[in-house]
Structure formats: C-alpha cells, structure tokens
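What follows is the content of protein_28.cif (mmCIF, C-alpha atoms and all ligand atoms).
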```cif
data_structure
loop_
_atom_site.label_atom_id
_atom_site.label_comp_id
_atom_site.auth_asym_id
_atom_site.auth_seq_id
_atom_site.Cartn_x
_atom_site.Cartn_y
_atom_site.Cartn_z
CA MET A 1 109.22 78.42 101.01
CA THR A 2 108.01 80.85 103.68
CA ALA A 3 104.34 81.87 103.73
CA TYR A 4 103.39 85.15 102.05
CA HIS A 5 101.37 85.93 105.17
CA LEU A 6 99.43 84.29 108.01
CA PRO A 7 96.16 86.11 108.65
CA ALA A 8 95.58 87.40 112.19
CA LEU A 9 92.30 86.91 114.06
CA LEU A 10 90.89 85.01 111.10
CA GLU A 11 87.89 83.30 112.72
CA GLU A 12 87.01 86.28 114.87
CA SER A 13 87.14 88.73 111.97
CA ILE A 14 85.01 86.57 109.68
CA ALA A 15 82.43 86.09 112.44
CA GLY A 16 82.53 89.86 113.00
CA LEU A 17 81.60 90.56 109.38
CA ASN A 18 78.33 88.65 109.85
CA LEU A 19 78.51 87.67 106.18
CA ARG A 20 75.48 87.43 103.90
CA PRO A 21 76.01 84.86 101.15
CA ASP A 22 74.74 87.30 98.50
CA GLY A 23 76.46 90.40 99.86
CA VAL A 24 79.13 92.70 98.42
CA TYR A 25 82.31 92.72 100.52
CA VAL A 26 85.57 94.60 100.34
CA ASP A 27 88.95 93.48 101.65
CA VAL A 28 91.04 96.66 101.49
CA THR A 29 94.29 94.87 102.48
CA PHE A 30 94.41 91.70 100.38
CA GLY A 31 98.07 90.72 101.05
CA GLY A 32 98.29 86.92 100.98
CA GLY A 33 94.51 86.73 100.58
CA GLY A 34 93.88 84.81 103.83
CA HIS A 35 90.92 86.93 104.93
CA SER A 36 89.63 87.18 101.36
CA ARG A 37 89.59 83.43 100.87
CA ALA A 38 87.70 82.94 104.13
CA ILE A 39 85.12 85.57 103.12
CA LEU A 40 84.69 83.95 99.74
CA SER A 41 84.01 80.56 101.28
CA HIS A 42 80.88 82.07 102.87
CA LEU A 43 79.54 83.68 99.68
CA THR A 44 77.19 82.18 97.11
CA THR A 45 76.15 84.91 94.67
CA GLY A 46 78.03 87.55 96.66
CA ARG A 47 81.00 89.57 95.41
CA LEU A 48 84.42 90.37 96.83
CA ILE A 49 86.54 93.35 95.81
CA ALA A 50 90.12 93.22 97.08
CA PHE A 51 92.58 96.11 97.22
CA ASP A 52 96.34 96.04 97.65
CA GLN A 53 98.70 98.83 96.70
CA ASP A 54 101.61 96.39 96.49
CA LEU A 55 101.74 94.63 93.14
CA ASP A 56 103.55 91.68 94.78
CA ALA A 57 100.18 90.72 96.34
CA ALA A 58 98.87 89.97 92.84
CA VAL A 59 100.65 86.59 92.96
CA ASN A 60 97.93 85.56 95.42
CA ILE A 61 94.99 86.57 93.23
CA ILE A 62 92.05 84.22 93.67
CA ASN A 63 90.89 82.77 90.41
CA ASP A 64 87.14 83.12 90.89
CA GLU A 65 84.67 85.19 88.87
CA ARG A 66 83.16 86.63 92.05
CA VAL A 67 86.46 88.32 92.95
CA THR A 68 87.96 91.55 91.59
CA PHE A 69 91.52 92.46 92.59
CA LEU A 70 92.56 96.10 92.39
CA ASN A 71 96.19 97.15 92.65
CA GLN A 72 95.16 100.41 94.28
CA ASN A 73 95.60 102.36 97.48
CA PHE A 74 92.54 101.96 99.70
CA ARG A 75 92.39 105.70 100.20
CA TYR A 76 90.66 105.74 96.79
CA LEU A 77 88.08 103.18 97.95
CA LYS A 78 84.92 105.02 96.95
CA ASN A 79 86.02 106.07 93.46
CA ASN A 80 87.27 102.60 92.62
CA LEU A 81 84.02 101.00 93.76
CA ARG A 82 81.97 103.56 91.89
CA TYR A 83 84.01 102.80 88.77
CA LEU A 84 83.09 99.11 89.18
CA GLY A 85 79.42 100.06 89.63
CA TYR A 86 79.09 99.58 93.41
CA LYS A 87 77.51 102.45 95.32
CA GLU A 88 76.97 100.48 98.52
CA ILE A 89 78.61 97.52 100.23
CA ASP A 90 77.58 95.03 102.91
CA GLY A 91 80.89 94.89 104.71
CA LEU A 92 84.57 95.77 104.74
CA ILE A 93 87.69 94.38 106.36
CA ALA A 94 90.99 96.21 106.86
CA ASP A 95 93.99 94.32 108.23
CA LEU A 96 96.49 97.17 108.35
CA GLY A 97 100.25 97.34 108.23
CA VAL A 98 102.67 95.17 106.30
CA SER A 99 102.56 91.53 105.25
CA PHE A 100 105.22 88.98 106.28
CA HIS A 101 106.31 88.98 102.65
CA GLN A 102 106.99 92.74 102.63
CA PHE A 103 108.81 92.54 105.93
CA ASP A 104 110.89 89.52 104.99
CA GLU A 105 111.91 90.66 101.50
CA GLN A 106 115.26 92.11 102.39
CA GLU A 107 115.45 94.49 99.44
CA ARG A 108 112.24 96.29 100.52
CA GLY A 109 114.08 97.76 103.52
CA PHE A 110 111.23 97.37 106.05
CA SER A 111 113.28 95.41 108.58
CA PHE A 112 116.17 96.63 110.68
CA ARG A 113 117.44 93.07 110.94
CA SER A 114 119.11 92.94 107.54
CA ASP A 115 121.05 95.51 105.58
CA ALA A 116 119.36 96.89 102.47
CA GLN A 117 118.45 100.17 100.79
CA LEU A 118 115.94 102.09 102.92
CA ASP A 119 112.95 101.94 100.57
CA MET A 120 109.84 100.99 102.65
CA ARG A 121 107.31 101.93 99.96
CA MET A 122 104.41 99.49 99.76
CA ASN A 123 103.70 100.83 96.29
CA ARG A 124 107.05 100.75 94.53
CA LYS A 125 105.74 102.77 91.61
CA SER A 126 105.29 106.02 93.47
CA GLY A 127 106.28 108.22 96.36
CA LEU A 128 109.38 108.93 98.36
CA ARG A 129 111.60 106.18 99.71
CA ALA A 130 112.64 106.27 103.37
CA SER A 131 116.14 107.20 102.17
CA ASP A 132 114.68 110.23 100.28
CA LEU A 133 113.02 111.35 103.45
CA LEU A 134 116.25 111.00 105.45
CA ARG A 135 118.03 113.04 102.77
CA THR A 136 115.51 115.86 102.37
CA TYR A 137 113.65 116.38 105.67
CA ASP A 138 115.09 118.98 107.97
CA GLU A 139 115.85 118.17 111.60
CA GLU A 140 112.50 119.42 112.84
CA GLN A 141 110.45 117.46 110.27
CA MET A 142 112.37 114.29 111.00
CA ALA A 143 112.04 114.70 114.78
CA SER A 144 108.30 115.11 114.35
CA VAL A 145 108.05 111.83 112.38
CA PHE A 146 110.06 109.94 115.03
CA TYR A 147 107.99 111.44 117.83
CA ARG A 148 104.50 111.15 116.34
CA TYR A 149 104.75 107.79 114.62
CA GLY A 150 107.44 106.07 116.70
CA GLU A 151 106.58 107.64 120.07
CA LEU A 152 110.31 107.96 120.65
CA ASP A 153 111.18 110.23 123.58
CA ASN A 154 114.59 111.21 122.25
CA SER A 155 113.27 112.06 118.77
CA ARG A 156 115.13 115.39 118.57
CA LYS A 157 118.46 113.78 119.38
CA ILE A 158 117.83 111.04 116.82
CA ALA A 159 117.00 113.59 114.13
CA ARG A 160 120.12 115.58 115.01
CA ALA A 161 122.25 112.43 114.74
CA VAL A 162 120.87 111.67 111.26
CA VAL A 163 121.47 115.25 110.09
CA LYS A 164 125.03 115.08 111.42
CA ALA A 165 125.69 111.72 109.75
CA ARG A 166 124.39 112.85 106.35
CA GLN A 167 126.83 115.79 106.34
CA THR A 168 129.64 113.30 105.77
CA LYS A 169 127.84 110.45 103.96
CA PRO A 170 124.26 109.96 102.69
CA VAL A 171 122.01 107.78 104.90
CA VAL A 172 120.63 105.32 102.36
CA THR A 173 120.91 101.86 103.87
CA VAL A 174 119.68 100.19 107.05
CA LYS A 175 123.29 100.05 108.24
CA ASP A 176 123.87 103.77 107.55
CA LEU A 177 120.85 104.59 109.71
CA THR A 178 121.57 102.21 112.57
CA GLU A 179 125.20 103.40 112.70
CA ALA A 180 124.09 107.04 112.74
CA VAL A 181 121.86 106.57 115.79
CA GLU A 182 123.46 103.67 117.66
CA SER A 183 124.81 105.85 120.49
CA LEU A 184 121.20 106.83 121.32
CA VAL A 185 119.78 103.32 121.73
CA PRO A 186 118.66 102.80 125.36
CA PHE A 187 120.53 100.06 127.16
CA ASN A 188 119.15 96.58 126.42
CA GLN A 189 116.31 97.96 124.28
CA GLU A 190 117.82 97.72 120.86
CA ASN A 191 114.97 95.78 119.21
CA LYS A 192 112.25 97.96 120.68
CA PHE A 193 114.07 101.15 119.72
CA TYR A 194 114.73 100.15 116.12
CA ALA A 195 111.22 98.70 115.72
CA LYS A 196 109.76 102.08 116.70
CA LEU A 197 112.20 104.03 114.54
CA PHE A 198 111.52 101.90 111.47
CA GLN A 199 107.79 101.94 112.10
CA SER A 200 107.81 105.75 112.17
CA LEU A 201 109.60 105.93 108.82
CA ARG A 202 107.25 103.36 107.26
CA ILE A 203 104.16 105.25 108.40
CA GLU A 204 105.50 108.50 106.96
CA VAL A 205 106.71 106.97 103.68
CA ASN A 206 103.33 105.35 103.02
CA ARG A 207 101.23 108.21 104.48
CA GLU A 208 99.50 105.52 106.49
CA MET A 209 97.51 107.73 108.84
CA ASP A 210 96.10 109.82 105.98
CA ALA A 211 95.20 106.69 104.01
CA LEU A 212 93.45 105.24 107.06
CA THR A 213 91.39 108.35 107.82
CA ASP A 214 90.42 108.74 104.14
CA MET A 215 89.41 105.08 103.88
CA LEU A 216 87.35 105.08 107.11
CA THR A 217 85.52 108.25 106.11
CA GLN A 218 84.59 106.73 102.76
CA ALA A 219 83.68 103.38 104.32
CA LEU A 220 81.10 105.14 106.48
CA HIS A 221 79.44 106.56 103.37
CA ILE A 222 79.31 103.37 101.34
CA LEU A 223 78.37 100.83 104.03
CA LYS A 224 74.68 99.91 103.97
CA PRO A 225 72.78 100.34 107.24
CA GLY A 226 73.47 97.13 109.15
CA GLY A 227 76.72 96.64 107.20
CA ARG A 228 79.80 95.68 109.20
CA MET A 229 83.32 97.08 109.27
CA VAL A 230 86.16 95.06 110.81
CA VAL A 231 89.49 96.79 111.38
CA ILE A 232 92.66 95.13 112.66
CA THR A 233 95.44 97.51 113.72
CA TYR A 234 99.00 96.94 114.89
CA HIS A 235 99.90 100.05 116.82
CA SER A 236 98.21 102.38 119.27
CA LEU A 237 98.02 105.41 116.96
CA GLU A 238 95.93 103.51 114.43
CA ASP A 239 93.82 101.88 117.10
CA ARG A 240 93.03 105.27 118.67
CA LEU A 241 91.82 106.63 115.33
CA VAL A 242 89.66 103.59 114.67
CA LYS A 243 88.24 103.61 118.20
CA ASN A 244 87.34 107.31 118.02
CA PHE A 245 85.82 106.94 114.59
CA ILE A 246 83.63 104.03 115.61
CA ARG A 247 82.51 105.79 118.79
CA THR A 248 81.81 109.20 117.34
CA GLY A 249 82.17 109.25 113.55
CA ASN A 250 85.20 111.55 113.71
CA PHE A 251 88.84 111.17 114.60
CA ASP A 252 89.20 113.31 117.69
CA GLY A 253 86.48 111.40 119.50
CA THR A 254 83.96 114.20 120.13
CA ALA A 255 80.49 113.13 119.08
CA GLU A 256 78.15 115.67 117.50
CA LYS A 257 74.70 116.29 118.94
CA ASP A 258 71.46 117.13 117.17
CA PHE A 259 69.26 120.13 117.97
CA TYR A 260 67.71 118.26 120.93
CA GLY A 261 71.05 117.19 122.39
CA ASN A 262 70.89 113.57 121.19
CA LEU A 263 74.25 112.09 120.26
CA LEU A 264 74.67 111.59 116.51
CA VAL A 265 76.65 108.38 116.22
CA PRO A 266 76.98 106.57 112.89
CA PHE A 267 78.07 103.16 114.19
CA ARG A 268 77.14 100.63 116.82
CA ALA A 269 80.31 99.11 118.31
CA ILE A 270 79.93 95.33 118.25
CA ASN A 271 82.76 94.78 120.72
CA ARG A 272 83.05 97.20 123.62
CA LYS A 273 86.54 95.96 124.45
CA VAL A 274 89.17 95.62 121.76
CA ILE A 275 89.64 92.01 120.58
CA VAL A 276 93.15 90.55 120.75
CA PRO A 277 94.53 87.19 119.56
CA SER A 278 94.24 84.22 121.89
CA GLU A 279 97.36 82.79 123.56
CA ASP A 280 96.97 79.84 121.25
CA GLU A 281 97.06 82.04 118.15
CA VAL A 282 100.10 83.97 119.40
CA ALA A 283 101.87 80.66 120.13
CA LYS A 284 101.30 79.63 116.51
CA ASN A 285 101.82 83.05 114.95
CA ASN A 286 103.92 85.33 117.11
CA ARG A 287 103.67 88.18 114.62
CA ALA A 288 99.96 88.46 115.36
CA ARG A 289 100.70 89.41 118.98
CA SER A 290 100.13 93.16 118.55
CA ALA A 291 96.89 92.80 116.53
CA ARG A 292 93.88 94.72 117.91
CA MET A 293 90.47 94.30 116.30
CA ARG A 294 87.36 96.48 116.39
CA ILE A 295 84.03 95.71 114.78
CA ALA A 296 81.35 98.26 113.99
CA GLU A 297 77.89 98.14 112.44
CA LYS A 298 76.56 101.06 110.47
CA ILE A 299 73.37 102.40 112.01
C1 LIG A 301 98.80 92.78 107.14
S1 LIG A 301 98.78 92.64 105.40
C2 LIG A 301 97.20 91.94 105.07
C3 LIG A 301 97.20 90.46 105.09
C4 LIG A 301 95.92 89.81 104.65
N1 LIG A 301 94.81 90.12 105.50
C5 LIG A 301 96.09 88.31 104.55
O1 LIG A 301 95.25 87.58 105.10
O2 LIG A 301 97.04 87.85 103.93
C6 LIG A 301 98.52 94.28 104.86
C7 LIG A 301 98.46 94.45 103.35
O3 LIG A 301 97.78 95.66 103.10
C8 LIG A 301 98.43 96.37 102.09
N2 LIG A 301 98.19 97.79 102.34
C9 LIG A 301 98.59 98.52 103.40
N3 LIG A 301 98.18 99.78 103.26
C10 LIG A 301 97.47 99.84 102.11
C11 LIG A 301 96.78 100.89 101.43
N4 LIG A 301 96.76 102.14 101.91
N5 LIG A 301 96.15 100.59 100.27
C12 LIG A 301 96.18 99.33 99.77
N6 LIG A 301 96.85 98.31 100.35
C13 LIG A 301 97.47 98.57 101.51
C14 LIG A 301 99.89 95.98 102.20
O4 LIG A 301 100.54 96.14 100.96
C15 LIG A 301 99.80 94.53 102.66
O5 LIG A 301 99.87 93.63 101.59
#
```

Step by step, read the file and then write its structure as structure tokens.
Amino acid sequence: MTAYHLPALLEESIAGLNLRPDGVYVDVTFGGGGHSRAILSHLTTGRLIAFDQDLDAAVNIINDERVTFLNQNFRYLKNNLRYLGYKEIDGLIADLGVSFHQFDEQERGFSFRSDAQLDMRMNRKSGLRASDLLRTYDEEQMASVFYRYGELDNSRKIARAVVKARQTKPVVTVKDLTEAVESLVPFNQENKFYAKLFQSLRIEVNREMDALTDMLTQALHILKPGGRMVVITYHSLEDRLVKNFIRTGNFDGTAEKDFYGNLLVPFRAINRKVIVPSEDEVAKNNRARSARMRIAEKI
C-alpha cells in the first residue's frame, strides 16, 4: 500500500511552532495527519483542531480526545473555531497544496500522467470540476487562469487550442486536454509544461489563492501575541503572498505606518530566508523538493 502522504519539513515545522504543551493548535491541512501527530506528541493538556476539506482525509483521523477533525475549508477558520468555543489560538500550521493520495488517485484527475475525468476538486461535494471550467470559460478567462496560476507564456494560444478542440468534442478527460494542446508543448519540456497547466487548473478549481488570503487574514486575528504561524507552500505565487503578509500584514507587501511614521507590522519573521528541505529529505521524499517554509510570530 502506498502512503497517504509523507509530511514535508516535519522537524523544522514542529520546531518552528515552538509548542506549549497546554496550548491550542490548528492544523489547517490535515491530509495524512503527519504534522498533526507530531504536534500532538508535544501536547499534554493542549488541544489540536484539524481541518481538511477532502473527506478522504478522515480515514487518518487520530483517535484522541484532545483532537477535533473538521471536514471544512480552512477559509472558514475563524467561524469554525468560534463555533467550537475557541477565540484565540497558540499556533497554526498550513501545509498547502495536494496530498500524495489526492495526486495518486487516478479518478481525481489531478495528475497528467494517467487518463481520467478532469475533476481536481479537493472537496468533491461542491464547486466546479476542471472539465466544467474548460467547457464554460471563454478564451480570455481561460488564458488568464493559465497565465496567472501556471505562469505559462503561451497562455493565449493554449486557451485558443482548448476552445477550438471543444467545438468538435467536449474536453472532459486528461487525454482530451493533452491532445488539444500537444502542438504547443515546448520541445523537451513536456513534464514541466503539463505540470504548470494542471497546477493552474487546480488552483482555479479550488479557489486556492482566495482560500489562502482568507485563512491568513483570519489567522492574524485569532493568534495570541507570541503565537506562531508556520506555512509551507509549493509554488512561487503562494510563497509571495505568505512572504508579503508576514512582512507587512497585507498581500501587496506595502506596510502601513502610524501617525509618527513607525511601521505597523503584525508579525516578527522567525526565518529571514525561506526554509527549504535538506538534500537528505529530498533524497528520501522527492515530492518535498519544492516545499518552502516561512515562520512568523504574532507581535
Ligand atoms: C500537502 S497536504 C497536507 C499533508 C499533511 N501535512 C500531512 O502531514 O499529511 C494538503 C492537504 O490540505 C488539504 N487542503 C488544501 N486546501 C485546503 C483548504 N482550503 N481547506 C481545507 N483543506 C485543504 C488537502 O485536501 C490536502 O489533504
């Protein structure tokens, strides 16, 4: 049996949380529960609340009275915690993106390596599938997704190719999509091209950037002073948002000043330089290679 997930930067992230044994912690991306289990091993009377919008993650629920699992999107962090009676927390970890399980389950349609319906929803109970998006978005909307979230230079041509293909046959499977755009793949860069294309669709389908900005904004409000936030990202767009937010408290990276001209910054960055996995970790877990971690302490 293949692992549900192997957690990235496990030791470094747990050290970054600076855990208090009696604290209240939130893991907003439970997945296989690797980070959650490590947090729990440091708690005595503390509590752990774990979110995952994918019900599949519930198979990994930790049977411990100190843990609450919520099958919820983390963009509703604050309301869910308030519902449970928590107004403040001591720390939060977010390990963004998809789990190995989601990527490897062929029928979920996250991977370009096997043919399947283009679904890509992390929460299979709601929202548009990738195939719905390829059916309903106009050329301009699609090009914008490919450009913004895939950073693909030829995004307009790709969108045009999809629109052309769907005039004769709907684009609903991985194969339909790869066939529609194959003439645009740069020489010898097939994997890179499709990885970016599929990433862009996944981000749009799951509204990942909106969920991230909503969650970070709420995390700032509910973290206690001195509380830590650890965020692991897997692509530069997410990392830029997290970096700006930690530096300035907003997403475009311009810090506000008070009446006297002093910078108003809500966090202290614990690591000045982004933390990446060691060579040793990448050798053992190649999928962790693009992980980037930032740690912040609420002032
Ligand atoms: C990289 S995995 C986390 C792995 C986990 N740290 C572990 O040790 O197994 C990301 C998980 O976060 C979940 N996820 C991503 N975005 C989410 C969101 N907006 N709300 C809730 N869960 C989300 C995914 O469903 C996936 O299971």

Once you count all atoms listed in the file, which residues end up within 7 Å of ligand LIG 301 (chain A), and could you hand them over as a compact mmCIF listing (two decimals) with C-alpha atoms, in the frame of the given file?
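After the write, selection.txt holds the following:
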```
# COMPACT_ATOMS: atom_id res chain seq x y z
CA HIS A 5 101.37 85.93 105.17
CA LEU A 6 99.43 84.29 108.01
CA PRO A 7 96.16 86.11 108.65
CA VAL A 28 91.04 96.66 101.49
CA THR A 29 94.29 94.87 102.48
CA PHE A 30 94.41 91.70 100.38
CA GLY A 31 98.07 90.72 101.05
CA GLY A 32 98.29 86.92 100.98
CA GLY A 33 94.51 86.73 100.58
CA GLY A 34 93.88 84.81 103.83
CA HIS A 35 90.92 86.93 104.93
CA SER A 36 89.63 87.18 101.36
CA PHE A 51 92.58 96.11 97.22
CA ASP A 52 96.34 96.04 97.65
CA GLN A 53 98.70 98.83 96.70
CA ASP A 54 101.61 96.39 96.49
CA ALA A 57 100.18 90.72 96.34
CA GLN A 72 95.16 100.41 94.28
CA ASN A 73 95.60 102.36 97.48
CA PHE A 74 92.54 101.96 99.70
CA ARG A 75 92.39 105.70 100.20
CA ASP A 95 93.99 94.32 108.23
CA LEU A 96 96.49 97.17 108.35
CA GLY A 97 100.25 97.34 108.23
CA VAL A 98 102.67 95.17 106.30
CA SER A 99 102.56 91.53 105.25
CA MET A 122 104.41 99.49 99.76
CA GLU A 208 99.50 105.52 106.49
CA ALA A 211 95.20 106.69 104.01
CA LEU A 212 93.45 105.24 107.06
```

* To do: Find, counting only C-alpha atoms, the residue in A:Ala3, A:Asp210, A:Asn80, A:Gly109 that gets nearest to Asn285 (chain A).
  => A:Ala3

Closest pair table for region 161-272 of chain A residues within 7 Å of region 146-155 of chain A, all atoms listed in the file, as JSON lines:
```
{"residue": "A:Lys196", "atom": "CA", "partner": "A:Gly150", "partner_atom": "CA", "distance": 4.6}
{"residue": "A:Leu197", "atom": "CA", "partner": "A:Gly150", "partner_atom": "CA", "distance": 5.6}
{"residue": "A:Gln199", "atom": "CA", "partner": "A:Gly150", "partner_atom": "CA", "distance": 6.2}
{"residue": "A:Ser200", "atom": "CA", "partner": "A:Tyr149", "partner_atom": "CA", "distance": 4.4}
{"residue": "A:Ile203", "atom": "CA", "partner": "A:Tyr149", "partner_atom": "CA", "distance": 6.7}
```

* Mind giving me the straight-line distance from CA of Ile158 (chain A) to CA of Arg108 (chain A) in Å, one decimal? =>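 Spanning CA of Ile158 (chain A) to CA of Arg108 (chain A) is a straight-line distance of 22.7 Å.
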
* Do a neighbour search on His221 (chain A) at 10 Å with all atoms listed in the file, toss out local chain neighbours closer than 4 positions, and write the hits as a list in words. => Lys78, Lys87, Glu88, Ile89, Leu216, Thr217, Pro225, Pro266 and Lys298 of chain A

* Atomic distance CA of Glu139 (chain A) - CA of Arg160 (chain A), expressed in Å with one decimal ->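 It comes out at 6.0 Å.
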
* Asked: Quick one: distance from CA of Leu84 (chain A) to CA of Tyr4 (chain A) in Å, one decimal?
  -> 27.8 Å

* Ser278 (chain A) surroundings by only C-alpha atoms, 12 Å radius, close-in-sequence under 6 positions cut, as a list in words ->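 Those residues are Ala8, Leu9, Leu10, Glu11, Glu12, Lys284, Asn285, Asn286, Ala288, Arg289, Ser290, Ala291 and Arg292 of chain A.
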
* **Distance criterion (only C-alpha atoms): nearest to Asn206 (chain A) out of A:Asn18, A:Asn63, A:Asn123, A:Asn71** =>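 Residue with the minimum atom-to-atom distance to Asn206 (chain A): A:Asn123.
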
* Spatial neighbours of Met120 (chain A), 7 Å, all atoms listed in the file, chain gap at least 6 places, as a list in words ->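 Close residues of Met120 (chain A): Arg108, Gly109, Phe110, Arg129, Ala130, Arg202 and Val205 of chain A.
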
Box centre and edge lengths (Å, one decimal), axis-aligned, region 272-277 of chain A plus 5 Å each side, as lines of an AutoDock Vina configuration file:
```
center_x = 88.8
center_y = 92.2
center_z = 122.0
size_x = 21.5
size_y = 20.0
size_z = 14.9
```
